[in-house]
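K.L.:
Structure supplied as coords_0.pdb; contents: PDB, C-alpha atoms.
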MODEL        1
ATOM      1  CA  MET A   1     -21.525  19.578  36.536
ATOM      2  CA  LEU A   2     -18.468  18.867  38.598
ATOM      3  CA  THR A   3     -18.960  17.714  42.182
ATOM      4  CA  GLU A   4     -17.001  18.966  45.184
ATOM      5  CA  LYS A   5     -15.049  15.703  45.053
ATOM      6  CA  ASP A   6     -14.239  16.271  41.357
ATOM      7  CA  LEU A   7     -12.905  19.738  42.134
ATOM      8  CA  GLN A   8     -10.578  18.261  44.748
ATOM      9  CA  ARG A   9      -9.547  15.240  42.722
ATOM     10  CA  TYR A  10      -8.711  17.181  39.562
ATOM     11  CA  ASP A  11      -7.460  20.346  41.278
ATOM     12  CA  ARG A  12      -3.891  20.075  39.941
ATOM     13  CA  GLN A  13      -4.937  19.741  36.298
ATOM     14  CA  ILE A  14      -7.684  22.348  36.551
ATOM     15  CA  MET A  15      -4.798  24.709  37.423
ATOM     16  CA  LEU A  16      -3.299  24.195  33.956
ATOM     17  CA  GLN A  17      -3.386  27.106  31.544
ATOM     18  CA  GLY A  18      -6.320  26.602  29.166
ATOM     19  CA  PHE A  19      -7.801  23.772  31.241
ATOM     20  CA  GLY A  20      -9.887  25.140  34.096
ATOM     21  CA  ILE A  21     -13.263  23.934  35.338
ATOM     22  CA  ASP A  22     -14.639  24.132  31.790
ATOM     23  CA  GLY A  23     -11.946  21.762  30.589
ATOM     24  CA  GLN A  24     -12.658  19.283  33.357
ATOM     25  CA  GLU A  25     -16.346  19.378  32.500
ATOM     26  CA  LYS A  26     -15.472  18.633  28.863
ATOM     27  CA  LEU A  27     -13.512  15.561  29.939
ATOM     28  CA  LYS A  28     -16.374  14.455  32.159
ATOM     29  CA  LYS A  29     -18.819  14.652  29.247
ATOM     30  CA  ALA A  30     -16.485  12.864  26.839
ATOM     31  CA  LYS A  31     -16.820   9.288  25.613
ATOM     32  CA  VAL A  32     -13.685   7.503  24.386
ATOM     33  CA  PHE A  33     -13.610   4.217  22.499
ATOM     34  CA  LEU A  34     -10.425   2.314  23.374
ATOM     35  CA  ALA A  35      -9.734  -0.610  21.037
ATOM     36  CA  GLY A  36      -7.540  -3.064  22.942
ATOM     37  CA  ILE A  37      -6.746  -3.236  26.645
ATOM     38  CA  GLY A  38      -3.325  -4.861  26.480
ATOM     39  CA  GLY A  39       0.145  -3.302  26.374
ATOM     40  CA  LEU A  40      -0.887   0.054  24.925
ATOM     41  CA  GLY A  41      -4.445  -0.048  26.252
ATOM     42  CA  SER A  42      -3.368  -0.411  29.887
ATOM     43  CA  PRO A  43      -1.519   2.917  30.278
ATOM     44  CA  ILE A  44      -3.973   4.695  27.970
ATOM     45  CA  ALA A  45      -6.953   3.568  30.060
ATOM     46  CA  TYR A  46      -5.141   4.286  33.317
ATOM     47  CA  TYR A  47      -4.291   7.868  32.394
ATOM     48  CA  MET A  48      -7.671   8.568  30.821
ATOM     49  CA  ALA A  49      -9.319   7.353  34.016
ATOM     50  CA  ALA A  50      -6.885   9.448  36.065
ATOM     51  CA  ALA A  51      -7.757  12.524  34.012
ATOM     52  CA  GLY A  52     -11.472  11.981  34.654
ATOM     53  CA  ILE A  53     -12.715  11.187  31.158
ATOM     54  CA  GLY A  54     -16.396  10.510  31.807
ATOM     55  CA  THR A  55     -17.018   7.385  29.750
ATOM     56  CA  LEU A  56     -14.445   4.820  28.648
ATOM     57  CA  ILE A  57     -15.561   2.071  26.314
ATOM     58  CA  ILE A  58     -12.897  -0.641  26.476
ATOM     59  CA  ALA A  59     -12.961  -3.300  23.771
ATOM     60  CA  ASP A  60     -10.937  -6.520  23.821
ATOM     61  CA  HIS A  61     -11.922 -10.108  23.044
ATOM     62  CA  ASP A  62      -8.986 -11.727  24.767
ATOM     63  CA  VAL A  63      -8.289 -13.273  28.159
ATOM     64  CA  ALA A  64      -5.222 -12.422  30.226
ATOM     65  CA  ASP A  65      -2.225 -14.758  29.945
ATOM     66  CA  LEU A  66       0.884 -14.992  32.131
ATOM     67  CA  SER A  67       3.039 -13.957  29.141
ATOM     68  CA  ASN A  68       1.052 -10.686  28.895
ATOM     69  CA  LEU A  69       2.115  -9.426  32.298
ATOM     70  CA  ASN A  70       5.509  -7.999  31.277
ATOM     71  CA  ARG A  71       3.638  -5.108  29.661
ATOM     72  CA  GLN A  72      -0.127  -5.254  30.184
ATOM     73  CA  ILE A  73      -0.035  -3.537  33.541
ATOM     74  CA  LEU A  74      -3.795  -3.475  34.174
ATOM     75  CA  HIS A  75      -3.822  -7.271  34.436
ATOM     76  CA  TRP A  76      -2.492  -9.186  37.415
ATOM     77  CA  GLU A  77      -1.629 -12.812  38.178
ATOM     78  CA  GLU A  78      -5.093 -13.349  39.670
ATOM     79  CA  ASN A  79      -6.644 -12.363  36.298
ATOM     80  CA  ILE A  80      -4.933 -15.054  34.223
ATOM     81  CA  GLY A  81      -7.570 -16.851  32.180
ATOM     82  CA  LYS A  82     -10.123 -14.074  32.823
ATOM     83  CA  LYS A  83     -11.488 -11.586  30.287
ATOM     84  CA  LYS A  84      -9.198  -8.582  29.948
ATOM     85  CA  THR A  85     -12.188  -6.247  29.786
ATOM     86  CA  ASP A  86     -13.460  -7.499  33.180
ATOM     87  CA  SER A  87      -9.982  -7.309  34.694
ATOM     88  CA  ALA A  88      -9.494  -3.747  33.443
ATOM     89  CA  ALA A  89     -12.998  -2.536  34.294
ATOM     90  CA  PHE A  90     -12.645  -3.774  37.884
ATOM     91  CA  LYS A  91      -9.390  -1.909  38.481
ATOM     92  CA  LEU A  92     -10.348   1.245  36.647
ATOM     93  CA  GLY A  93     -13.620   1.319  38.606
ATOM     94  CA  LYS A  94     -11.731   0.993  41.893
ATOM     95  CA  PHE A  95      -9.239   3.640  40.787
ATOM     96  CA  ASN A  96     -11.866   6.195  39.801
ATOM     97  CA  SER A  97     -15.443   5.547  40.895
ATOM     98  CA  GLY A  98     -16.555   8.812  39.321
ATOM     99  CA  ILE A  99     -16.258   7.627  35.727
ATOM    100  CA  LYS A 100     -18.234   5.137  33.681
ATOM    101  CA  ILE A 101     -16.507   2.066  32.202
ATOM    102  CA  GLU A 102     -18.302   0.139  29.474
ATOM    103  CA  THR A 103     -16.876  -3.159  28.258
ATOM    104  CA  VAL A 104     -17.018  -4.793  24.851
ATOM    105  CA  SER A 105     -15.750  -8.378  24.682
ATOM    106  CA  GLU A 106     -16.665  -8.948  21.038
ATOM    107  CA  THR A 107     -14.021  -9.173  18.341
ATOM    108  CA  ILE A 108     -13.928  -5.912  16.371
ATOM    109  CA  GLU A 109     -15.003  -6.796  12.820
ATOM    110  CA  ALA A 110     -16.360  -5.052   9.749
ATOM    111  CA  SER A 111     -19.870  -6.187  10.680
ATOM    112  CA  ASN A 112     -19.913  -4.639  14.170
ATOM    113  CA  VAL A 113     -17.261  -1.899  14.265
ATOM    114  CA  SER A 114     -19.636   0.982  13.533
ATOM    115  CA  ARG A 115     -22.139  -0.140  16.164
ATOM    116  CA  LEU A 116     -19.423  -0.706  18.782
ATOM    117  CA  ILE A 117     -17.886   2.723  18.280
ATOM    118  CA  GLY A 118     -21.335   4.313  18.344
ATOM    119  CA  ASP A 119     -21.175   8.038  19.052
ATOM    120  CA  ALA A 120     -17.786   8.080  20.770
ATOM    121  CA  ASP A 121     -15.949  11.425  20.655
ATOM    122  CA  ILE A 122     -12.596   9.844  19.797
ATOM    123  CA  ILE A 123     -11.207   6.389  18.960
ATOM    124  CA  VAL A 124      -7.909   5.146  20.364
ATOM    125  CA  ASP A 125      -5.927   2.411  18.647
ATOM    126  CA  ALA A 126      -4.320  -0.035  21.069
ATOM    127  CA  MET A 127      -4.644  -3.071  18.821
ATOM    128  CA  ASP A 128      -2.063  -5.769  18.127
ATOM    129  CA  ASN A 129      -2.632  -6.147  14.378
ATOM    130  CA  LEU A 130      -2.846  -3.999  11.261
ATOM    131  CA  PRO A 131      -6.124  -5.287   9.722
ATOM    132  CA  THR A 132      -8.166  -4.155  12.740
ATOM    133  CA  ARG A 133      -6.296  -0.852  12.738
ATOM    134  CA  TYR A 134      -7.318  -0.253   9.118
ATOM    135  CA  LEU A 135     -10.901  -1.121  10.011
ATOM    136  CA  LEU A 136     -10.893   1.379  12.879
ATOM    137  CA  ASN A 137      -9.235   4.024  10.695
ATOM    138  CA  GLN A 138     -11.795   3.511   7.925
ATOM    139  CA  THR A 139     -14.704   3.685  10.373
ATOM    140  CA  ALA A 140     -13.238   6.771  12.027
ATOM    141  CA  CYS A 141     -13.027   8.443   8.612
ATOM    142  CA  ALA A 142     -16.569   7.383   7.657
ATOM    143  CA  LYS A 143     -17.992   8.716  10.927
ATOM    144  CA  GLY A 144     -15.746  11.776  11.104
ATOM    145  CA  ILE A 145     -14.378  10.732  14.498
ATOM    146  CA  PRO A 146     -10.713  11.445  15.377
ATOM    147  CA  PHE A 147      -8.455   8.406  15.611
ATOM    148  CA  VAL A 148      -5.284   8.162  17.688
ATOM    149  CA  HIS A 149      -2.943   5.519  16.288
ATOM    150  CA  GLY A 150      -0.199   3.827  18.262
ATOM    151  CA  ALA A 151       1.961   0.769  17.643
ATOM    152  CA  VAL A 152       4.969  -0.850  19.312
ATOM    153  CA  TYR A 153       7.651  -3.439  18.627
ATOM    154  CA  GLY A 154      10.625  -4.172  20.822
ATOM    155  CA  PHE A 155      12.044  -0.856  22.034
ATOM    156  CA  GLU A 156      10.375   1.043  19.191
ATOM    157  CA  GLY A 157       7.010   2.768  19.020
ATOM    158  CA  ARG A 158       4.977   5.120  16.861
ATOM    159  CA  ALA A 159       1.994   7.382  17.244
ATOM    160  CA  MET A 160      -0.076   9.611  14.966
ATOM    161  CA  THR A 161      -3.406  11.393  15.318
ATOM    162  CA  VAL A 162      -5.928  11.419  12.489
ATOM    163  CA  LEU A 163      -8.525  14.166  12.119
ATOM    164  CA  PRO A 164     -10.718  12.826   9.283
ATOM    165  CA  GLY A 165     -10.821  15.179   6.317
ATOM    166  CA  LYS A 166      -8.166  17.413   7.868
ATOM    167  CA  SER A 167      -5.054  15.294   8.209
ATOM    168  CA  ALA A 168      -3.385  12.191   6.799
ATOM    169  CA  CYS A 169      -4.931   8.921   7.959
ATOM    170  CA  LEU A 170      -3.376   5.544   8.690
ATOM    171  CA  ASN A 171      -4.121   4.373   5.165
ATOM    172  CA  CYS A 172      -2.396   7.466   3.709
ATOM    173  CA  LEU A 173       0.622   6.340   5.710
ATOM    174  CA  TYR A 174       0.686   2.595   5.039
ATOM    175  CA  HIS A 175      -1.587   2.156   1.996
ATOM    176  CA  GLY A 176      -2.946  -1.143   3.233
ATOM    177  CA  ALA A 177       0.489  -2.747   3.712
ATOM    178  CA  GLU A 178       0.337  -5.701   6.057
ATOM    179  CA  VAL A 179       2.695  -7.605   8.291
ATOM    180  CA  PRO A 180       2.102 -11.274   9.032
ATOM    181  CA  LYS A 181       0.528 -11.565  12.478
ATOM    182  CA  SER A 182       3.082 -13.147  14.741
ATOM    183  CA  LYS A 183       4.347 -13.145  18.304
ATOM    184  CA  PHE A 184       6.488 -10.034  18.480
ATOM    185  CA  PRO A 185       9.230  -9.030  20.923
ATOM    186  CA  ILE A 186       8.301  -6.273  23.337
ATOM    187  CA  ILE A 187       9.472  -4.694  26.577
ATOM    188  CA  GLY A 188       6.739  -3.169  28.743
ATOM    189  CA  VAL A 189       8.219   0.323  28.914
ATOM    190  CA  THR A 190       7.664   0.846  25.156
ATOM    191  CA  PRO A 191       3.844   0.689  25.231
ATOM    192  CA  GLY A 192       4.140   2.702  28.451
ATOM    193  CA  VAL A 193       5.806   5.549  26.531
ATOM    194  CA  ILE A 194       3.573   5.366  23.466
ATOM    195  CA  GLY A 195       0.383   4.809  25.474
ATOM    196  CA  CYS A 196       1.099   7.993  27.434
ATOM    197  CA  VAL A 197       1.601   9.889  24.154
ATOM    198  CA  GLN A 198      -1.760   8.593  22.915
ATOM    199  CA  ALA A 199      -3.545   9.478  26.174
ATOM    200  CA  SER A 200      -2.024  12.990  25.953
ATOM    201  CA  GLU A 201      -3.405  13.333  22.430
ATOM    202  CA  VAL A 202      -6.899  12.322  23.589
ATOM    203  CA  ILE A 203      -6.873  14.834  26.436
ATOM    204  CA  LYS A 204      -5.532  17.627  24.185
ATOM    205  CA  TYR A 205      -8.127  16.928  21.492
ATOM    206  CA  LEU A 206     -11.002  16.919  23.959
ATOM    207  CA  LEU A 207      -9.823  20.202  25.482
ATOM    208  CA  GLY A 208      -8.728  21.832  22.214
ATOM    209  CA  LEU A 209      -5.243  22.388  23.649
ATOM    210  CA  GLY A 210      -1.838  22.410  21.992
ATOM    211  CA  ASP A 211      -0.745  20.859  18.722
ATOM    212  CA  LEU A 212      -1.877  17.376  17.831
ATOM    213  CA  LEU A 213       0.253  14.749  16.093
ATOM    214  CA  THR A 214      -1.560  15.370  12.837
ATOM    215  CA  ASP A 215       0.295  14.835   9.544
ATOM    216  CA  ARG A 216       3.213  13.755  11.738
ATOM    217  CA  LEU A 217       4.308  10.268  12.668
ATOM    218  CA  LEU A 218       6.150  10.301  15.972
ATOM    219  CA  ASN A 219       8.816   7.612  16.080
ATOM    220  CA  TYR A 220      10.307   6.552  19.407
ATOM    221  CA  ASP A 221      13.503   4.530  19.405
ATOM    222  CA  GLY A 222      14.087   3.435  22.976
ATOM    223  CA  LEU A 223      17.470   1.864  22.292
ATOM    224  CA  ALA A 224      18.908   5.027  20.769
ATOM    225  CA  MET A 225      16.607   6.968  23.166
ATOM    226  CA  LYS A 226      15.557   9.283  20.393
ATOM    227  CA  PHE A 227      12.228  10.727  19.377
ATOM    228  CA  ARG A 228      11.909  11.958  15.844
ATOM    229  CA  GLU A 229       9.010  12.683  13.560
ATOM    230  CA  PHE A 230       8.182  12.181   9.910
ATOM    231  CA  LYS A 231       5.890  14.395   7.903
ATOM    232  CA  ILE A 232       3.014  12.350   6.505
ATOM    233  CA  ASN A 233       1.422  13.717   3.374
ATOM    234  CA  ARG A 234      -2.265  13.150   2.807
ATOM    235  CA  ASP A 235      -3.037  10.931  -0.168
ATOM    236  CA  PRO A 236      -5.709  12.772  -2.189
ATOM    237  CA  ASP A 237      -6.973   9.440  -3.533
ATOM    238  CA  CYS A 238      -6.956   7.598  -0.205
ATOM    239  CA  GLN A 239      -9.709   4.991  -0.112
ATOM    240  CA  HIS A 240     -10.326   5.695   3.582
ATOM    241  CA  CYS A 241     -10.256   9.450   4.034
ATOM    242  CA  LYS A 242     -11.091  10.902   0.621
ATOM    243  CA  GLY A 243     -14.243  12.978   1.171
ATOM    244  CA  ALA A 244     -14.134  12.506   4.960
ATOM    245  CA  ALA A 245     -15.189  15.349   7.225
ATOM    246  CA  LEU A 246     -14.521  15.842  10.925
ATOM    247  CA  ASN A 247     -17.711  15.638  12.949
ATOM    248  CA  ARG A 248     -16.745  17.384  16.164
ATOM    249  CA  LYS A 249     -19.401  17.335  18.850
ATOM    250  CA  LYS A 250     -19.610  20.192  21.303
ATOM    251  CA  LEU A 251     -18.683  18.944  24.739
TER
ATOM    252  CA  MET B 252      26.657  11.229  -5.251
ATOM    253  CA  SER B 253      25.830   9.901  -1.815
ATOM    254  CA  VAL B 254      22.715   9.665   0.302
ATOM    255  CA  ASN B 255      22.625   9.565   4.087
ATOM    256  CA  VAL B 256      20.818   6.482   5.341
ATOM    257  CA  GLU B 257      19.397   6.169   8.855
ATOM    258  CA  LEU B 258      18.184   2.869  10.266
ATOM    259  CA  SER B 259      16.196   2.321  13.425
ATOM    260  CA  SER B 260      17.989   0.523  16.274
ATOM    261  CA  ALA B 261      16.192  -2.745  15.558
ATOM    262  CA  PHE B 262      18.387  -3.099  12.452
ATOM    263  CA  GLY B 263      21.588  -2.906  14.512
ATOM    264  CA  VAL B 264      21.752  -6.675  14.808
ATOM    265  CA  PHE B 265      22.277  -6.865  11.031
ATOM    266  CA  THR B 266      24.741  -3.977  10.782
ATOM    267  CA  ASP B 267      27.016  -4.443  13.792
ATOM    268  CA  ASP B 268      25.101  -1.556  15.366
ATOM    269  CA  VAL B 269      25.904   0.893  12.581
ATOM    270  CA  LEU B 270      22.717   2.932  12.221
ATOM    271  CA  THR B 271      23.836   5.810  10.005
ATOM    272  CA  THR B 272      25.858   5.505   6.853
ATOM    273  CA  LYS B 273      26.433   7.075   3.443
ATOM    274  CA  VAL B 274      25.473   5.140   0.314
ATOM    275  CA  GLU B 275      25.964   5.929  -3.374
ATOM    276  CA  GLY B 276      22.835   5.903  -5.542
ATOM    277  CA  LYS B 277      20.328   7.976  -7.495
ATOM    278  CA  THR B 278      17.158   6.040  -6.645
ATOM    279  CA  VAL B 279      15.790   4.316  -3.554
ATOM    280  CA  ARG B 280      16.507   0.987  -5.228
ATOM    281  CA  GLU B 281      20.146   1.846  -5.957
ATOM    282  CA  VAL B 282      20.678   3.071  -2.426
ATOM    283  CA  LEU B 283      19.056  -0.002  -0.872
ATOM    284  CA  HIS B 284      21.243  -2.252  -2.985
ATOM    285  CA  GLY B 285      24.334  -0.243  -2.037
ATOM    286  CA  LEU B 286      23.280  -0.480   1.601
ATOM    287  CA  THR B 287      22.879  -4.239   1.474
ATOM    288  CA  LYS B 288      26.322  -4.515  -0.144
ATOM    289  CA  GLN B 289      27.719  -2.728   2.911
ATOM    290  CA  PHE B 290      25.676  -4.943   5.235
ATOM    291  CA  PRO B 291      24.943  -8.281   3.519
ATOM    292  CA  LYS B 292      22.961  -9.626   6.510
ATOM    293  CA  LEU B 293      20.556  -6.685   6.084
ATOM    294  CA  GLY B 294      19.833  -7.698   2.496
ATOM    295  CA  ARG B 295      18.362 -10.979   3.585
ATOM    296  CA  VAL B 296      15.688  -9.282   5.720
ATOM    297  CA  LEU B 297      15.134  -6.066   3.772
ATOM    298  CA  LEU B 298      14.782  -7.136   0.149
ATOM    299  CA  ASN B 299      12.471  -9.596  -1.557
ATOM    300  CA  GLN B 300      13.403 -11.945  -4.404
ATOM    301  CA  GLU B 301      12.861  -9.172  -6.957
ATOM    302  CA  GLY B 302      15.319  -6.999  -5.085
ATOM    303  CA  ASN B 303      12.635  -4.582  -3.874
ATOM    304  CA  LEU B 304      12.009  -3.428  -0.320
ATOM    305  CA  MET B 305       9.743  -5.916   1.434
ATOM    306  CA  GLN B 306       6.239  -4.713   2.248
ATOM    307  CA  THR B 307       7.034  -4.990   5.939
ATOM    308  CA  TYR B 308       9.339  -1.962   5.739
ATOM    309  CA  ASP B 309       8.709   1.651   5.064
ATOM    310  CA  PHE B 310      10.939   4.496   3.953
ATOM    311  CA  PHE B 311      10.922   8.271   4.257
ATOM    312  CA  ILE B 312      12.914  10.769   2.214
ATOM    313  CA  ASN B 313      14.146  13.876   4.008
ATOM    314  CA  GLY B 314      11.750  13.147   6.846
ATOM    315  CA  GLU B 315       8.645  12.955   4.637
ATOM    316  CA  SER B 316       6.403  10.164   3.451
ATOM    317  CA  VAL B 317       6.666   9.302  -0.239
ATOM    318  CA  TYR B 318       3.706   8.412  -2.402
ATOM    319  CA  PRO B 319       3.618   6.302  -4.437
ATOM    320  CA  LYS B 320       6.218   4.310  -2.506
ATOM    321  CA  SER B 321       8.273   3.601  -5.572
ATOM    322  CA  MET B 322      11.679   2.005  -5.629
ATOM    323  CA  THR B 323      12.484   4.368  -8.491
ATOM    324  CA  ALA B 324      11.896   7.479  -6.354
ATOM    325  CA  LEU B 325      14.802   9.831  -7.088
ATOM    326  CA  LEU B 326      17.345  10.893  -4.526
ATOM    327  CA  LYS B 327      19.758  13.812  -4.609
ATOM    328  CA  ASP B 328      23.222  14.230  -3.180
ATOM    329  CA  GLY B 329      22.911  14.725   0.587
ATOM    330  CA  ASP B 330      19.315  13.467   0.844
ATOM    331  CA  LEU B 331      18.310  11.520   3.942
ATOM    332  CA  LEU B 332      16.674   8.109   3.574
ATOM    333  CA  ASN B 333      15.099   6.593   6.704
ATOM    334  CA  ILE B 334      14.157   2.932   6.746
ATOM    335  CA  LEU B 335      11.713   1.692   9.357
ATOM    336  CA  TYR B 336      10.070  -1.604  10.149
ATOM    337  CA  LEU B 337       6.284  -1.460   9.809
ATOM    338  CA  ILE B 338       5.440  -2.125  13.424
ATOM    339  CA  HIS B 339       2.066  -3.550  14.401
ATOM    340  CA  GLY B 340       2.197  -4.554  18.055
ATOM    341  CA  GLY B 341       0.068  -3.210  20.843
TER
ENDMDL
END
Write out the structure in this file as structure tokens.
P.N.:
Amino acid sequence: MLTEKDLQRYDRQIMLQGFGIDGQEKLKKAKVFLAGIGGLGSPIAYYMAAAGIGTLIIADHDVADLSNLNRQILHWEENIGKKKTDSAAFKLGKFNSGIKIETVSETIEASNVSRLIGDADIIVDAMDNLPTRYLLNQTACAKGIPFVHGAVYGFEGRAMTVLPGKSACLNCLYHGAEVPKSKFPIIGVTPGVIGCVQASEVIKYLLGLGDLLTDRLLNYDGLAMKFREFKINRDPDCQHCKGAALNRKKL
Amino acid sequence: MSVNVELSSAFGVFTDDVLTTKVEGKTVREVLHGLTKQFPKLGRVLLNQEGNLMQTYDFFINGESVYPKSMTALLKDGDLLNILYLIHGG
């Protein structure tokens, strides 16, 4: 049930066509697993908290570093050397005291990924490497939980939403291809753009509104200032999503 | 027979900022080799020792993913080939 304060706080979005009080209640009941609270994770978490998503599980094993601050806008100078999850949870809690923030400081690995994700309604990819992304994608497919992929490099970014069993997954797109993990160039506005796209996808999925980025890879080229999309065909023999089925909980 | 090739802006440093071009070729491999003849600096980052596209790049034909991602995938006159870096940052 929404409180009087909720009705005031979320008044402008409750006005949206197809949103309403029911929609706000859906967001309040929702639980989102956010993998990574860095460049992408910061705007995603900020806008999910702003929208009033009831439970945010934020997972990151890292501590904040001065060189993170050009893009990881949830972390400040005073947080350098501190756990990113603690830094983020403190600010998100101050920003919206009406939502629950759970923190996970473990490294996401094959041995714990299923337990960490638990019964989340949707998984959001804000990682900085492909192996963990594949692990999240595979777990999302196994559990039937939607997965919102995002990635950035320089002025370029991409996003795609996976509905297990219904649309192409990350492995259908990349087929396990890997890139050596290295320090990559990045300007903070790029994860800002892509993170906002991912947060929009989460909100739309939870509300059942609009068209999701399914079977479509959105490509953002900030230098050319162009968005374009590519059609992603599902691989019928995909090792991750073959036989997967969406397990949508009623919110 | 020519194919339209589109590169993302990140490749501009290797192509003097030319991001769209026409290249002769009937397969992805032929077009990539034609492309790297036009822009030799691009060849050094795009192709491996066997002359195939490195795993760190991806391509799309007429705006669609291709599976299997074969260098022998056929292209027709006027097709569009997009080449993207496989980005992984967050």
K.L.:
Compute the chain B side of the contact with chain A at 8 Å, counting only C-alpha atoms, and hand it back as a PyMOL selection string.
P.N.:
chain B and resi 259-261+306-307+311+314-318+337-341
K.L.:
Given the file shown, determine the residues that the PyMOL selection byres ((chain A and resi 76) around 10) selects; report them as a list in words.
P.N.:
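Applied to this file, the PyMOL selection byres ((chain A and resi 76) around 10) returns Ala64, Asp65, Leu66, Asn68, Leu69, Gln72, Ile73, Leu74, His75, Glu77, Glu78, Asn79, Ile80, Ser87 and Ala88 of chain A.
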K.L.:
Could you tell me which residues the PyMOL selection byres ((chain A and resi 47-58) around 6) returns for this structure, as a PDB file with C-alpha atoms, in the coordinates of the input?
P.N.:
ATOM      1  CA  LEU A  27     -13.512  15.561  29.939  1.00  0.00           C
ATOM      2  CA  LYS A  28     -16.374  14.455  32.159  1.00  0.00           C
ATOM      3  CA  LYS A  29     -18.819  14.652  29.247  1.00  0.00           C
ATOM      4  CA  ALA A  30     -16.485  12.864  26.839  1.00  0.00           C
ATOM      5  CA  LYS A  31     -16.820   9.288  25.613  1.00  0.00           C
ATOM      6  CA  VAL A  32     -13.685   7.503  24.386  1.00  0.00           C
ATOM      7  CA  PHE A  33     -13.610   4.217  22.499  1.00  0.00           C
ATOM      8  CA  LEU A  34     -10.425   2.314  23.374  1.00  0.00           C
ATOM      9  CA  ILE A  44      -3.973   4.695  27.970  1.00  0.00           C
ATOM     10  CA  ALA A  45      -6.953   3.568  30.060  1.00  0.00           C
ATOM     11  CA  TYR A  46      -5.141   4.286  33.317  1.00  0.00           C
ATOM     12  CA  ALA A  59     -12.961  -3.300  23.771  1.00  0.00           C
ATOM     13  CA  ILE A  99     -16.258   7.627  35.727  1.00  0.00           C
ATOM     14  CA  LYS A 100     -18.234   5.137  33.681  1.00  0.00           C
ATOM     15  CA  ILE A 101     -16.507   2.066  32.202  1.00  0.00           C
ATOM     16  CA  GLU A 102     -18.302   0.139  29.474  1.00  0.00           C
ATOM     17  CA  THR A 103     -16.876  -3.159  28.258  1.00  0.00           C
TER      18      THR A 103
END
K.L.:
For range 330-336 of chain B, list every protein, DNA or RNA residue within 7 Å, evaluated using only C-alpha atoms, and leave out those in the same chain fewer than 6 positions away; present the list as a PyMOL selection string.
P.N.:
chain B and resi 254-259+307-313
K.L.:
Taking the file as shown, find all residues satisfying the PyMOL selection byres ((chain B and resi 325) around 7) and write them as a list in words.
P.N.:
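Checked against the file, the PyMOL selection byres ((chain B and resi 325) around 7) matches Lys277, Thr278, Val279, Thr323, Ala324, Leu326 and Lys327 of chain B.
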K.L.:
What lies within 6 Å of range 200-214 of chain A using only C-alpha atoms, ignoring chain neighbours under 4 positions off, as a list in words?
P.N.:
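Near range 200-214 of chain A, the qualifying residues are Gly23, Met160, Thr161, Val162 and Ser167 of chain A.
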K.L.:
In file coordinates, which residues lie within 6 Å of (-11.8, 12.8, 11.1) using all atoms listed in the file, given as number ranges by chain?
P.N.:
A: 141, 144-146, 163-165, 245-246
K.L.:
Could you please determine the separation between CA of Pro236 in chain A and CA of Arg280 in chain B in Å, to one decimal place?
P.N.:
25.3 Å
K.L.:
Kindly give the distance, in Å, that separates CA of Val282 in chain B and CA of Asn303 in chain B, rounded to a single decimal.
P.N.:
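Answer for the CA of Val282 in chain B to CA of Asn303 in chain B separation: 11.2 Å.
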K.L.:
Just the residues within 10 Å of Leu136 in chain A, please, counting only C-alpha atoms, with nothing from its chain fewer than 6 positions along; format it as a ChimeraX atom specification.
P.N.:
/A:35,108-110,113-114,117,123-125,127,130,142,147,149,170
K.L.:
I need every residue sitting at most 8 Å from the point (-9.3, 5.0, 3.9) (coordinates as in the file, only C-alpha atoms considered), written as a ChimeraX atom specification.
P.N.:
/A:134,137-138,141,169-172,238-242
K.L.:
Mind giving me the straight-line distance from CA of Asn70 in chain A to CA of Thr85 in chain A in Å, one decimal?
P.N.:
17.8 Å
K.L.:
Go through B:Pro319, B:Met305, B:Gln300, B:Lys292 one by one, measure the shortest atom-to-atom distance of each to Phe265 in chain B using only C-alpha atoms, and give the residue with the smallest value.
P.N.:
B:Lys292
K.L.:
From the options B:Thr272, B:Lys320, B:Glu281, B:Val264, which residue's atoms come nearest to Val296 in chain B, counting only C-alpha atoms?
P.N.:
B:Val264
